[in-house]
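As stored in start.tsv (TSV, C-alpha atoms):
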```tsv
chain	number	residue	atom	x	y	z
D	1	MET	CA	51.42	51.98	-70.21
D	2	PRO	CA	49.47	50.19	-72.90
D	3	ASP	CA	45.83	49.35	-72.09
D	4	ASP	CA	46.27	45.59	-72.69
D	5	VAL	CA	49.05	45.16	-70.12
D	6	VAL	CA	47.82	43.37	-66.97
D	7	THR	CA	49.68	44.05	-63.75
D	8	ALA	CA	50.07	41.64	-60.77
D	9	ALA	CA	47.77	43.80	-58.72
D	10	ASP	CA	45.01	43.32	-61.29
D	11	GLN	CA	45.26	39.50	-60.89
D	12	ILE	CA	44.54	39.51	-57.09
D	13	PRO	CA	40.80	39.22	-56.43
D	14	ASP	CA	39.15	41.84	-54.26
D	15	GLN	CA	38.53	40.13	-50.83
D	16	SER	CA	36.49	43.01	-49.44
D	17	VAL	CA	33.43	42.45	-51.62
D	18	PRO	CA	31.45	39.16	-51.43
D	19	ASP	CA	30.74	37.30	-54.64
D	20	GLN	CA	27.43	38.14	-56.15
D	21	THR	CA	24.91	36.02	-57.97
D	22	ASP	CA	23.96	36.68	-61.55
D	23	ASP	CA	21.11	38.94	-60.45
D	24	GLY	CA	23.42	41.00	-58.23
D	25	ALA	CA	22.24	39.60	-54.85
D	26	VAL	CA	24.76	38.68	-52.17
D	27	PRO	CA	24.50	34.89	-51.40
D	28	LEU	CA	23.41	33.86	-47.89
D	29	PRO	CA	25.76	31.91	-45.59
D	30	PRO	CA	25.23	28.10	-45.50
D	31	VAL	CA	22.38	26.83	-43.25
D	32	ARG	CA	23.56	25.42	-39.90
D	33	ARG	CA	21.98	22.08	-38.99
D	34	THR	CA	20.54	21.84	-35.43
D	35	PRO	CA	20.22	18.54	-33.46
D	36	GLY	CA	16.41	18.38	-33.83
D	37	MET	CA	13.88	16.62	-31.51
D	38	ARG	CA	15.10	13.01	-31.78
D	39	PRO	CA	17.65	13.10	-28.86
D	40	ALA	CA	15.07	14.72	-26.57
D	41	LEU	CA	12.49	12.06	-27.43
D	42	VAL	CA	15.02	9.29	-26.71
D	43	VAL	CA	15.75	10.77	-23.25
D	44	LEU	CA	12.03	11.10	-22.53
D	45	GLY	CA	11.43	7.49	-23.56
D	46	ILE	CA	14.19	6.24	-21.24
D	47	ALA	CA	12.72	8.24	-18.34
D	48	VAL	CA	9.26	6.74	-18.89
D	49	VAL	CA	10.68	3.20	-18.93
D	50	VAL	CA	12.65	3.80	-15.70
D	51	ILE	CA	9.57	5.17	-13.91
D	52	ALA	CA	7.47	2.22	-15.08
D	53	VAL	CA	10.08	-0.32	-13.90
D	54	PHE	CA	10.39	1.25	-10.45
D	55	GLY	CA	6.60	1.43	-10.13
D	56	LEU	CA	6.29	-2.27	-10.95
D	57	MET	CA	9.06	-3.19	-8.49
D	58	SER	CA	7.35	-1.19	-5.76
D	59	ALA	CA	4.01	-2.88	-6.43
D	60	LEU	CA	5.55	-6.36	-6.30
D	61	ALA	CA	7.78	-5.79	-3.27
D	62	PRO	CA	6.74	-7.61	-0.04
D	63	GLY	CA	5.10	-5.50	2.57
D	64	THR	CA	3.53	-3.07	0.12
D	65	GLN	CA	0.14	-4.57	-0.37
D	66	HIS	CA	-2.25	-1.72	0.25
D	67	THR	CA	-5.71	-2.29	1.63
D	68	PRO	CA	-8.11	0.48	0.59
D	69	PRO	CA	-10.03	2.36	3.28
D	70	PRO	CA	-12.94	0.12	4.32
D	71	SER	CA	-16.54	0.96	3.65
D	72	SER	CA	-18.65	1.64	6.72
D	73	THR	CA	-21.54	-0.33	5.21
D	74	PRO	CA	-22.08	-3.61	7.16
D	75	LYS	CA	-21.31	-6.67	5.06
D	76	LYS	CA	-22.63	-10.22	5.28
D	77	VAL	CA	-20.14	-12.84	6.40
D	78	VAL	CA	-20.42	-16.28	4.84
D	79	GLY	CA	-21.31	-19.01	7.35
D	80	THR	CA	-22.83	-16.73	9.99
D	81	THR	CA	-25.67	-14.27	10.47
D	82	LEU	CA	-23.26	-11.67	11.87
D	83	LEU	CA	-22.44	-8.55	9.85
D	84	ALA	CA	-18.90	-7.20	9.51
D	85	VAL	CA	-18.06	-3.55	10.13
D	86	PRO	CA	-14.63	-1.82	10.05
D	87	ALA	CA	-12.67	-2.05	13.29
D	88	PHE	CA	-10.53	1.09	12.90
D	89	ASN	CA	-12.59	3.24	15.31
D	90	ALA	CA	-12.75	0.48	17.94
D	91	LEU	CA	-8.97	-0.05	17.72
D	92	LYS	CA	-8.04	3.55	18.55
D	93	PRO	CA	-7.36	2.78	22.26
D	94	ILE	CA	-4.46	0.51	21.25
D	95	GLU	CA	-3.09	2.58	18.36
D	96	GLN	CA	0.20	4.47	18.56
D	97	PRO	CA	1.46	7.06	16.04
D	98	GLY	CA	1.89	5.06	12.83
D	99	THR	CA	1.47	1.73	14.64
D	100	PRO	CA	-0.15	-0.54	13.65
D	101	PRO	CA	0.24	0.61	10.03
D	102	GLN	CA	-2.91	1.81	8.31
D	103	ASN	CA	-3.24	-1.16	5.97
D	104	ILE	CA	-3.36	-3.53	8.98
D	105	VAL	CA	-5.95	-1.42	10.81
D	106	ASN	CA	-8.06	-1.13	7.65
D	107	ALA	CA	-7.97	-4.91	7.13
D	108	LEU	CA	-9.60	-5.75	10.49
D	109	THR	CA	-13.33	-6.04	11.10
D	110	ILE	CA	-15.58	-6.73	14.08
D	111	PRO	CA	-19.15	-8.00	14.27
D	112	LYS	CA	-21.74	-5.26	14.10
D	113	GLY	CA	-22.92	-4.42	17.63
D	114	ALA	CA	-19.67	-5.48	19.34
D	115	VAL	CA	-18.68	-3.18	22.21
D	116	VAL	CA	-15.24	-2.52	23.72
D	117	THR	CA	-14.91	-3.72	27.32
D	118	ASP	CA	-11.16	-3.36	28.00
D	119	HIS	CA	-7.69	-3.06	26.44
D	120	SER	CA	-4.13	-3.82	27.52
D	121	ALA	CA	-0.50	-4.08	26.37
D	122	SER	CA	1.89	-7.00	26.73
D	123	ALA	CA	5.69	-7.17	26.88
D	124	SER	CA	7.14	-8.16	23.50
D	125	ALA	CA	10.69	-8.70	22.25
D	126	THR	CA	9.74	-7.42	18.79
D	127	GLY	CA	7.96	-4.25	19.90
D	128	TYR	CA	4.21	-3.85	19.54
D	129	ASP	CA	1.90	-6.36	21.27
D	130	GLU	CA	-1.50	-5.11	22.42
D	131	GLN	CA	-5.03	-6.40	22.69
D	132	ILE	CA	-8.54	-5.06	22.98
D	133	ASP	CA	-11.52	-6.85	24.55
D	134	PHE	CA	-15.02	-6.93	23.07
D	135	SER	CA	-18.40	-8.44	23.71
D	136	VAL	CA	-21.05	-9.29	21.10
D	137	PRO	CA	-24.63	-9.23	22.44
D	138	GLY	CA	-26.96	-11.88	21.02
D	139	ALA	CA	-24.23	-13.99	19.41
D	140	ASP	CA	-22.92	-17.37	20.48
D	141	GLN	CA	-19.32	-18.58	20.45
D	142	ALA	CA	-19.71	-20.66	17.28
D	143	ALA	CA	-20.99	-17.67	15.33
D	144	VAL	CA	-18.08	-15.42	16.37
D	145	VAL	CA	-15.55	-18.15	15.57
D	146	ALA	CA	-17.14	-18.63	12.14
D	147	PHE	CA	-17.02	-14.86	11.64
D	148	TYR	CA	-13.26	-14.69	12.20
D	149	ARG	CA	-12.51	-17.89	10.30
D	150	THR	CA	-13.80	-16.00	7.26
D	151	GLN	CA	-12.66	-12.47	8.03
D	152	LEU	CA	-9.09	-13.45	8.93
D	153	ASP	CA	-8.69	-15.17	5.59
D	154	ASN	CA	-9.60	-12.08	3.56
D	155	ASN	CA	-8.55	-8.44	3.10
D	156	GLY	CA	-4.87	-9.36	2.88
D	157	TRP	CA	-4.88	-11.74	5.86
D	158	LYS	CA	-3.57	-15.29	5.58
D	159	ARG	CA	-5.18	-17.55	8.16
D	160	ILE	CA	-2.57	-19.64	10.00
D	161	SER	CA	-4.54	-21.73	12.46
D	162	VAL	CA	-7.80	-22.30	14.30
D	163	GLY	CA	-7.86	-24.13	17.63
D	164	PRO	CA	-7.84	-23.88	21.42
D	165	ALA	CA	-5.96	-20.88	22.81
D	166	THR	CA	-2.82	-21.50	24.85
D	167	ASN	CA	-3.76	-22.46	28.44
D	168	GLN	CA	-7.42	-21.69	27.62
D	169	PRO	CA	-8.98	-24.91	26.34
D	170	THR	CA	-12.51	-23.48	26.18
D	171	THR	CA	-11.40	-20.42	24.19
D	172	THR	CA	-11.00	-20.76	20.42
D	173	GLN	CA	-8.22	-18.80	18.75
D	174	VAL	CA	-8.22	-17.82	15.08
D	175	LEU	CA	-4.73	-16.69	14.08
D	176	ALA	CA	-3.75	-14.90	10.86
D	177	GLN	CA	-0.86	-12.93	9.39
D	178	ALA	CA	-0.46	-10.03	6.96
D	179	ALA	CA	2.38	-7.86	5.63
D	180	GLY	CA	2.33	-4.32	6.99
D	181	ASP	CA	3.23	-1.19	5.06
D	182	ASP	CA	5.84	-0.50	7.76
D	183	GLY	CA	8.05	-3.42	6.65
D	184	TRP	CA	6.94	-5.73	9.49
D	185	TYR	CA	4.71	-8.76	9.36
D	186	TRP	CA	1.73	-8.53	11.67
D	187	GLU	CA	-0.32	-11.25	13.33
D	188	ALA	CA	-3.88	-10.90	14.51
D	189	GLY	CA	-5.46	-13.34	16.91
D	190	ALA	CA	-9.18	-13.47	17.60
D	191	LEU	CA	-9.65	-15.29	20.92
D	192	VAL	CA	-13.32	-16.17	21.30
D	193	SER	CA	-14.50	-17.17	24.78
D	194	PRO	CA	-17.55	-19.29	25.66
D	195	THR	CA	-20.93	-17.57	25.48
D	196	THR	CA	-22.28	-16.09	28.70
D	197	PHE	CA	-25.95	-15.90	29.63
D	198	GLY	CA	-27.75	-13.20	31.59
D	199	SER	CA	-31.24	-12.50	32.82
D	200	GLY	CA	-34.07	-13.48	30.53
D	201	ASN	CA	-31.81	-16.00	28.78
D	202	SER	CA	-29.97	-13.15	27.02
D	203	GLN	CA	-26.55	-14.11	25.71
D	204	SER	CA	-23.32	-12.45	24.67
D	205	THR	CA	-19.92	-13.70	23.62
D	206	PRO	CA	-16.66	-12.10	24.78
D	207	PHE	CA	-13.69	-12.06	22.43
D	208	VAL	CA	-10.28	-10.45	22.23
D	209	ILE	CA	-8.39	-9.05	19.24
D	210	ARG	CA	-4.63	-9.24	19.80
D	211	LEU	CA	-2.22	-7.53	17.41
D	212	PHE	CA	1.55	-8.00	17.44
D	213	GLN	CA	4.61	-7.61	15.22
D	214	VAL	CA	6.64	-10.57	13.98
D	215	PRO	CA	9.94	-10.42	12.09
D	216	ASP	CA	9.22	-13.09	9.47
D	217	ALA	CA	6.33	-14.60	7.56
D	218	ASN	CA	4.91	-17.95	8.71
```
In structure tokens, write the structure found in this file.
Amino acid sequence: MPDDVVTAADQIPDQSVPDQTDDGAVPLPPVRRTPGMRPALVVLGIAVVVIAVFGLMSALAPGTQHTPPPSSTPKKVVGTTLLAVPAFNALKPIEQPGTPPQNIVNALTIPKGAVVTDHSASASATGYDEQIDFSVPGADQAAVVAFYRTQLDNNGWKRISVGPATNQPTTTQVLAQAAGDDGWYWEAGALVSPTTFGSGNSQSTPFVIRLFQVPDAN
């Protein structure tokens, strides 16, 4: 067969050998593109926004106002010479597991020097209704009333009324309300009785702190 005759077999390219570059090197396969970091950053951004929104909703929801643990340092009370101290230790005789909620207990104060004299529970359609009795040596009725007029309008309390207690015309009641962390509204009443006098013209003023649950805000 003459040398210049080209057969059909000679026209079919060899598929078993990859094309080569001019310098004889085998070319690399095309680079595969990966998704990159942008989708992950978008997901992370959405998660941060969702967490922030839920945190804001929780902070603004009723009944979630948190009162920080009170300082044990006595504090001056405007309008009286009495000093305020946290009531949480004195209230232990009327506490139940989780009731009253901690933010309510932390929001109550008593005059420095007040001593517990008694405690009792009352029947209530809503659940919790208990009281604890105190006496403040050396203080008169006006001073204790002034104390609670101020203290039950602070620390998350909203004062509702001040006036004679029901069926006790000589006893002054200071009534206030606050939202508990348990989802209930709570009312606190400070019922301050007339000052009593002992030997040597010593005086003391009895008062009662009553705590009870209410379903709605006043």
*Kindly provide, as an MDAnalysis selection string, the polymer residues lying within 9 Å of (2.8, -8.6, 10.5), counting all atoms listed in the file and using the coordinates exactly as they appear in the file.*
chainID D and resid 63 104 177:180 183:188 211:217
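Atom CA of D:Gly127 sits 26.8 Å away from atom CA of D:Val115.
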_For D:Gly138, the nearest of the candidates D:Ser199, D:Ser120, D:Ser204, D:Gln168, counting all atoms listed in the file_ =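 That would be D:Ser204, the residue with the smallest distance to D:Gly138.
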*Work out how far atom CA of D:Leu175 is from atom CA of D:Val162, in Å to one decimal.*
6.4 Å
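For the pair atom CA of D:Lys76 and atom CA of D:Pro164, the interatomic distance is 25.8 Å.
Nearest-residue note for D:Arg149: choosing from D:Pro194, D:Gly113, D:Gly200, D:Gly79, the minimum distance belongs to D:Gly79, counting all atoms listed in the file.
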*Which residue gives the smallest distance to D:Asn218 among D:Ser72, D:Gly45, D:Val85, D:Ile160, with all atoms listed in the file counted?*
D:Ile160
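Using only C-alpha atoms, the contacts of stretch 128-134 of chain D at a cut-off of 8 Å, with sequence neighbours closer than 6 positions omitted, comprise D:Leu91, D:Pro93, D:Ile94, D:Thr99, D:Ala114, D:Val115, D:Val116, D:Thr117, D:Asp118, D:His119, D:Ser120, D:Ala121, D:Ser122, D:Pro206, D:Phe207, D:Val208, D:Ile209, D:Arg210, D:Leu211, D:Phe212, D:Gln213.
Each of D:Val105, D:Gln141, D:Ala176, D:Gly98 was checked against D:Asn154 using only C-alpha atoms; the smallest atom-to-atom distance is that of D:Ala176.
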*Pick from D:Pro100, D:Pro70, D:Gly189, D:Gly156 nearest to D:Thr171, counting all atoms listed in the file*: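 Of the candidates, the smallest distance to D:Thr171 is held by D:Gly189.
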_Taking only C-alpha atoms into account, name the residue in D:Ser135, D:Thr150, D:Ser193, D:Ser202 that is nearest to D:Thr170._
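Answer, going by the shortest atom-to-atom distance: D:Ser193.
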_Nearby residues (all atoms listed in the file) at most 8 Å from D:Ala107, same-chain spacing under 4 positions excluded, as number ranges by chain_ = D: 67, 70, 86, 103, 155-157
